[in-house]
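Colleague: Pasting query10.tsv here (TSV, C-alpha atoms and all ligand atoms):
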chain	number	residue	atom	x	y	z
A	1	MET	CA	18.89	19.53	14.44
A	2	LYS	CA	16.09	17.29	13.22
A	3	ILE	CA	14.45	18.08	9.91
A	4	LEU	CA	11.35	16.41	8.53
A	5	VAL	CA	11.06	16.69	4.75
A	6	LEU	CA	7.57	16.11	3.36
A	7	THR	CA	7.46	15.75	-0.40
A	8	GLY	CA	4.17	15.76	-2.29
A	9	SER	CA	4.63	14.69	-5.87
A	10	PRO	CA	3.49	11.48	-7.54
A	11	HIS	CA	6.61	11.78	-9.74
A	12	HIS	CA	9.15	9.96	-7.65
A	13	LYS	CA	12.01	11.27	-9.80
A	14	GLY	CA	10.41	14.52	-10.84
A	15	THR	CA	11.18	18.20	-10.48
A	16	THR	CA	10.45	18.62	-6.81
A	17	ALA	CA	11.90	15.24	-5.83
A	18	TYR	CA	15.15	16.51	-7.34
A	19	LEU	CA	14.96	19.79	-5.39
A	20	ALA	CA	14.20	17.80	-2.23
A	21	ASP	CA	17.30	15.64	-2.91
A	22	LYS	CA	19.40	18.79	-3.01
A	23	PHE	CA	17.81	20.27	0.12
A	24	CYS	CA	18.47	17.00	2.00
A	25	GLU	CA	22.02	16.85	0.66
A	26	GLY	CA	22.71	20.32	2.06
A	27	ALA	CA	21.05	19.58	5.38
A	28	VAL	CA	22.98	16.32	5.85
A	29	GLU	CA	26.25	18.04	4.92
A	30	ALA	CA	25.53	20.64	7.60
A	31	GLY	CA	25.16	17.81	10.13
A	32	HIS	CA	21.38	17.74	10.48
A	33	GLU	CA	19.33	14.60	10.91
A	34	VAL	CA	16.90	14.32	8.00
A	35	HIS	CA	13.79	12.18	7.82
A	36	ARG	CA	12.12	12.27	4.42
A	37	VAL	CA	8.59	11.13	3.67
A	38	ASN	CA	7.03	10.97	0.23
A	39	THR	CA	3.38	11.70	1.00
A	40	ALA	CA	2.39	10.37	-2.44
A	41	LYS	CA	3.63	6.91	-1.53
A	42	ILE	CA	2.01	6.39	1.84
A	43	ASP	CA	-1.41	5.48	3.12
A	44	VAL	CA	-2.81	8.56	4.85
A	45	LYS	CA	-6.55	8.99	4.69
A	46	PRO	CA	-8.06	12.47	4.38
A	47	CYS	CA	-9.27	13.97	7.68
A	48	LEU	CA	-12.93	13.20	8.35
A	49	GLY	CA	-13.39	16.24	10.56
A	50	CYS	CA	-15.20	13.97	13.04
A	51	ASP	CA	-13.38	15.51	16.01
A	52	TYR	CA	-12.81	12.06	17.54
A	53	CYS	CA	-9.17	13.09	18.10
A	54	ARG	CA	-10.29	16.12	20.09
A	55	ARG	CA	-12.30	13.94	22.44
A	56	ASN	CA	-9.69	11.16	22.69
A	57	ASP	CA	-6.37	12.78	23.44
A	58	GLY	CA	-5.20	13.01	19.85
A	59	GLU	CA	-6.11	9.50	18.83
A	60	CYS	CA	-7.43	9.28	15.27
A	61	VAL	CA	-10.19	6.97	14.06
A	62	TYR	CA	-7.81	5.90	11.32
A	63	SER	CA	-4.87	3.64	11.87
A	64	ASP	CA	-2.66	4.39	8.91
A	65	ASP	CA	0.80	5.73	8.04
A	66	MET	CA	0.11	9.05	9.79
A	67	GLN	CA	0.95	7.27	13.05
A	68	LYS	CA	4.50	6.79	11.74
A	69	ILE	CA	4.88	10.45	10.77
A	70	ILE	CA	3.57	12.04	13.97
A	71	PRO	CA	6.61	11.28	16.18
A	72	TYR	CA	8.90	12.90	13.58
A	73	LEU	CA	6.52	15.82	13.26
A	74	LEU	CA	6.49	16.47	16.98
A	75	GLU	CA	10.25	16.14	17.39
A	76	ALA	CA	11.30	18.11	14.33
A	77	ASP	CA	13.15	21.38	14.74
A	78	GLY	CA	12.48	22.08	11.09
A	79	ILE	CA	9.98	20.96	8.48
A	80	ALA	CA	10.40	21.34	4.72
A	81	PHE	CA	7.28	21.17	2.58
A	82	VAL	CA	8.18	20.24	-0.99
A	83	SER	CA	5.39	20.17	-3.52
A	84	PRO	CA	4.87	20.76	-7.21
A	85	LEU	CA	2.44	23.56	-7.93
A	86	TYR	CA	-0.99	22.06	-8.65
A	87	TYR	CA	-3.64	24.62	-9.52
A	88	PHE	CA	-1.60	27.26	-7.71
A	89	GLY	CA	-1.37	25.32	-4.47
A	90	ILE	CA	0.18	22.24	-2.92
A	91	THR	CA	-0.84	18.78	-4.08
A	92	ALA	CA	-3.67	16.80	-2.52
A	93	GLN	CA	-1.10	14.20	-1.43
A	94	ILE	CA	0.73	16.59	0.89
A	95	LYS	CA	-2.43	18.44	1.94
A	96	ARG	CA	-3.91	15.18	3.17
A	97	VAL	CA	-1.00	14.86	5.59
A	98	ILE	CA	-1.23	18.51	6.69
A	99	ASP	CA	-4.94	18.16	7.44
A	100	ARG	CA	-4.14	15.26	9.74
A	101	PHE	CA	-1.95	17.63	11.81
A	102	TYR	CA	-5.34	18.39	13.39
A	103	ALA	CA	-5.04	15.46	15.82
A	104	VAL	CA	-1.87	16.93	17.36
A	105	ASN	CA	-2.64	20.56	16.69
A	106	SER	CA	-1.94	22.00	20.13
A	107	LYS	CA	1.29	20.03	20.51
A	108	LEU	CA	2.43	21.33	17.14
A	109	ARG	CA	1.59	24.91	18.07
A	110	SER	CA	3.57	24.73	21.26
A	111	LYS	CA	6.96	23.87	19.75
A	112	ALA	CA	8.81	26.42	17.66
A	113	LYS	CA	9.89	25.09	14.30
A	114	LYS	CA	11.66	26.51	11.32
A	115	THR	CA	9.83	25.79	8.11
A	116	PHE	CA	10.76	25.76	4.45
A	117	LEU	CA	8.71	25.74	1.28
A	118	ILE	CA	10.02	24.39	-1.99
A	119	SER	CA	7.80	24.36	-5.05
A	120	ALA	CA	8.10	24.29	-8.83
A	121	GLY	CA	5.60	24.93	-11.56
A	122	SER	CA	5.58	25.29	-15.31
A	123	ASP	CA	4.05	28.79	-15.31
A	124	GLU	CA	6.43	31.64	-15.97
A	125	GLU	CA	4.77	34.55	-14.23
A	126	ALA	CA	5.48	35.45	-10.62
A	127	TRP	CA	1.81	35.65	-9.65
A	128	ALA	CA	1.51	31.89	-10.13
A	129	MET	CA	3.32	31.35	-6.81
A	130	GLU	CA	1.39	33.92	-4.78
A	131	SER	CA	-1.30	31.63	-3.38
A	132	ILE	CA	1.00	28.73	-2.38
A	133	LYS	CA	3.30	31.22	-0.64
A	134	LEU	CA	0.41	32.87	1.19
A	135	HIS	CA	-1.03	29.53	2.27
A	136	PHE	CA	2.33	28.39	3.61
A	137	ARG	CA	2.93	31.61	5.51
A	138	THR	CA	-0.60	31.66	6.94
A	139	MET	CA	-0.32	28.06	8.10
A	140	CYS	CA	3.01	28.80	9.77
A	141	ARG	CA	1.63	31.89	11.45
A	142	TYR	CA	-1.25	29.88	12.91
A	143	LEU	CA	1.04	27.05	14.07
A	144	ASN	CA	3.59	29.48	15.60
A	145	TRP	CA	6.23	28.23	13.22
A	146	GLN	CA	8.86	30.39	11.61
A	147	PRO	CA	8.95	30.46	7.80
A	148	SER	CA	12.68	30.34	7.22
A	149	GLY	CA	13.11	29.96	3.50
A	150	GLU	CA	11.19	29.63	0.27
A	151	LEU	CA	12.40	28.34	-3.08
A	152	LEU	CA	9.70	28.81	-5.70
A	153	VAL	CA	10.80	27.87	-9.18
A	154	LEU	CA	8.87	29.16	-12.17
A	155	GLY	CA	9.13	27.77	-15.69
A	156	ALA	CA	9.94	24.31	-14.39
A	157	ALA	CA	7.79	21.71	-16.12
A	158	THR	CA	10.15	18.77	-15.68
A	159	ARG	CA	13.18	17.68	-13.72
A	160	GLU	CA	15.43	18.64	-16.66
A	161	ASP	CA	14.44	22.29	-16.11
A	162	VAL	CA	16.04	22.34	-12.66
A	163	GLU	CA	18.79	19.71	-12.88
A	164	GLY	CA	22.17	21.34	-12.55
A	165	SER	CA	20.57	24.79	-12.53
A	166	ILE	CA	20.99	27.64	-10.09
A	167	TYR	CA	17.88	26.29	-8.30
A	168	SER	CA	19.65	23.05	-7.59
A	169	GLN	CA	22.35	25.03	-5.79
A	170	GLU	CA	19.76	27.21	-4.03
A	171	ALA	CA	17.91	24.14	-2.72
A	172	LYS	CA	21.17	22.77	-1.36
A	173	VAL	CA	22.08	26.06	0.32
A	174	LEU	CA	18.59	26.23	1.85
A	175	GLY	CA	19.24	22.85	3.47
A	176	MET	CA	22.76	23.78	4.56
A	177	GLU	CA	21.78	27.10	6.07
A	178	ALA	CA	18.44	25.97	7.46
A	179	PHE	CA	19.23	27.02	11.02
A	180	TYR	CA	21.58	29.95	10.41
A	181	LYS	CA	18.96	32.65	10.33
B	1	LIG	C1	-2.66	18.36	-11.99
B	1	LIG	C2	-1.57	19.35	-12.31
B	1	LIG	C3	-1.76	20.68	-11.99
B	1	LIG	C4	-0.77	21.62	-12.27
B	1	LIG	N1	-0.98	22.92	-11.95
B	1	LIG	C5	-0.02	23.83	-12.19
B	1	LIG	C6	-0.20	25.19	-11.84
B	1	LIG	O1	-1.23	25.60	-11.32
B	1	LIG	N2	0.79	26.06	-12.13
B	1	LIG	C7	1.97	25.67	-12.69
B	1	LIG	O2	2.86	26.50	-12.88
B	1	LIG	N3	2.20	24.38	-13.01
B	1	LIG	C8	1.24	23.45	-12.77
B	1	LIG	N4	1.45	22.11	-13.07
B	1	LIG	C9	2.77	21.71	-13.59
B	1	LIG	C10	3.68	21.11	-12.48
B	1	LIG	O3	3.71	21.92	-11.32
B	1	LIG	C11	5.13	20.98	-13.01
B	1	LIG	O4	5.12	20.14	-14.13
B	1	LIG	C12	6.11	20.46	-11.97
B	1	LIG	O5	7.42	20.58	-12.47
B	1	LIG	C13	5.86	19.02	-11.61
B	1	LIG	O6	6.72	18.68	-10.56
B	1	LIG	P1	6.99	17.16	-10.13
B	1	LIG	O7	7.74	16.50	-11.23
B	1	LIG	O8	7.80	17.27	-8.87
B	1	LIG	O9	5.67	16.54	-9.90
B	1	LIG	C14	0.46	21.18	-12.84
B	1	LIG	C15	0.64	19.83	-13.16
B	1	LIG	C16	-0.36	18.91	-12.91
B	1	LIG	C17	-0.15	17.47	-13.26
Write the structure described by the file as structure tokens, please.
Modeller:
Amino acid sequence: MKILVLTGSPHHKGTTAYLADKFCEGAVEAGHEVHRVNTAKIDVKPCLGCDYCRRNDGECVYSDDMQKIIPYLLEADGIAFVSPLYYFGITAQIKRVIDRFYAVNSKLRSKAKKTFLISAGSDEEAWAMESIKLHFRTMCRYLNWQPSGELLVLGAATREDVEGSIYSQEAKVLGMEAFYK
């Protein structure tokens, strides 16, 4: 199976990059084909909402790195969204990419995909993850995608808080068992 992993942190070796490493490790061990994109490192402009794509068969006014991601997006059997918690949601870096789904919206809605959410934040209380979880599930519901696993780590301010922890193992298992359920 093909899995697209979208990470969203400016910390290239941070908490969520580590969890993404583990998820990918598990997925590769299970024989899946993984394509990983760090949305913080690429040039993807925020959607203008101009609707040009709607009038021009999905073509965007921008010619940027989104063009490289779209083929993987359309082909993926699974997509993992991996973002640190920023003000109780995903980061602007990954949201920018999600908003550009708009150009291929109907194509995305017509192919079933399994989806995964991995996030980490420094807060300790469970309510801190409620809005990111709800956003993810709502987006998947709209896109006809199947939320198939969530790993939401509280009390994780830095990579050291997750390295070698139970969450490291859980991220790996999520990748390994991505298509079991
Ligand atoms: C701009 C910003 C906003 C943040 N907002 C939250 C938040 O709302 N809740 C939380 O628990 N942690 C928050 N954090 C902490 C990060 O989620 C946490 O440090 C995380 O481990 C960073 O992951 P990374 O190394 O993958 O970027 C925030 C950090 C930054 C820089």
Colleague: Using all atoms listed in the file, what are the residues with an atom within 9 Å of ligand LIG 1 (chain B), set out as an MDAnalysis selection string?
Modeller: chainID A and resid 7:19 82:89 91 119:125 128:129 153:159 161:162
Colleague: If you measure from atom CA of A:Trp145 to atom CA of A:Lys114, what distance in Å do you get, rounded to one decimal?
Modeller: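 Result for atom CA of A:Trp145 versus atom CA of A:Lys114: 6.0 Å, one decimal.
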Colleague: Identify which of the residues A:Ala20, A:Ile3, A:Val28, A:Ile94 lies closest to A:Asp43, counting all atoms listed in the file when measuring atom-to-atom distances.
Modeller: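 Residue with the minimum atom-to-atom distance to A:Asp43: A:Ile94.
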Colleague: In Å to one decimal, how far is atom CA of A:Ser110 from atom CA of A:Glu177?
Modeller: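 Calculated distance between atom CA of A:Glu177 and atom CA of A:Ser110 is 23.8 Å.
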Colleague: Which residue out of A:Tyr142, A:Phe116, A:Phe81, A:Tyr102 has the minimum interatomic distance to A:Asp51 when all atoms listed in the file are used?
Modeller: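 That would be A:Tyr102, the residue with the smallest distance to A:Asp51.
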Colleague: Excluding A:Asn144 and its own-chain neighbours fewer than 3 positions away, which residues fall within 6 Å of it when counting all atoms listed in the file? Please give them as a VMD selection string.
Modeller: chain A and resid 109 140 to 141
Colleague: When you draw a straight line from atom CA of A:Phe179 to atom CA of A:Leu73, how long is it in Å?
Modeller: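 Pair atom CA of A:Phe179 / atom CA of A:Leu73 returns 17.1 Å.
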Colleague: May I have the residues within 10 Å of A:Met176 as a list in words, using all atoms listed in the file and disregarding those fewer than 6 positions away in the same chain?
Modeller: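 Skipping anything fewer than 6 positions along the chain leaves Lys22, Phe23, Cys24, Glu25, Gly26, Ala27, Val28, Glu29, Ala30, Gly31, His32 and Glu170 of chain A.
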Colleague: With C-alpha atoms retained, write the just-selected residues as a compact mmCIF listing (two decimals), keeping the file's coordinate frame.
Modeller:
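After the write, out.txt holds the following:
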# COMPACT_ATOMS: atom_id res chain seq x y z
CA LYS A 22 19.40 18.79 -3.01
CA PHE A 23 17.81 20.27 0.12
CA CYS A 24 18.47 17.00 2.00
CA GLU A 25 22.02 16.85 0.66
CA GLY A 26 22.71 20.32 2.06
CA ALA A 27 21.05 19.58 5.38
CA VAL A 28 22.98 16.32 5.85
CA GLU A 29 26.25 18.04 4.92
CA ALA A 30 25.53 20.64 7.60
CA GLY A 31 25.16 17.81 10.13
CA HIS A 32 21.38 17.74 10.48
CA GLU A 170 19.76 27.21 -4.03
Colleague: Env of A:Glu150: 9 Å cut, atoms = all atoms listed in the file, seq-sep filter 6 positions within chain, self excluded. Answer as a PyMOL selection string.
Modeller: chain A and resi 115-119+133+174
Colleague: Using only C-alpha atoms, which residue out of A:Ala112, A:Ile166, A:Cys53, A:Val34 lies closest to A:Met1?
Modeller: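 Closest to A:Met1, using only C-alpha atoms: A:Val34.
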Colleague: Neighbourhood query: residues within 9 Å of (11.9, 15.6, 16.0), file coordinates, counting all atoms listed in the file; return as a list in words.
Modeller: Met1, Lys2, Ile3, Leu4, Pro71, Tyr72, Leu73, Leu74, Glu75, Ala76, Asp77 and Gly78 of chain A
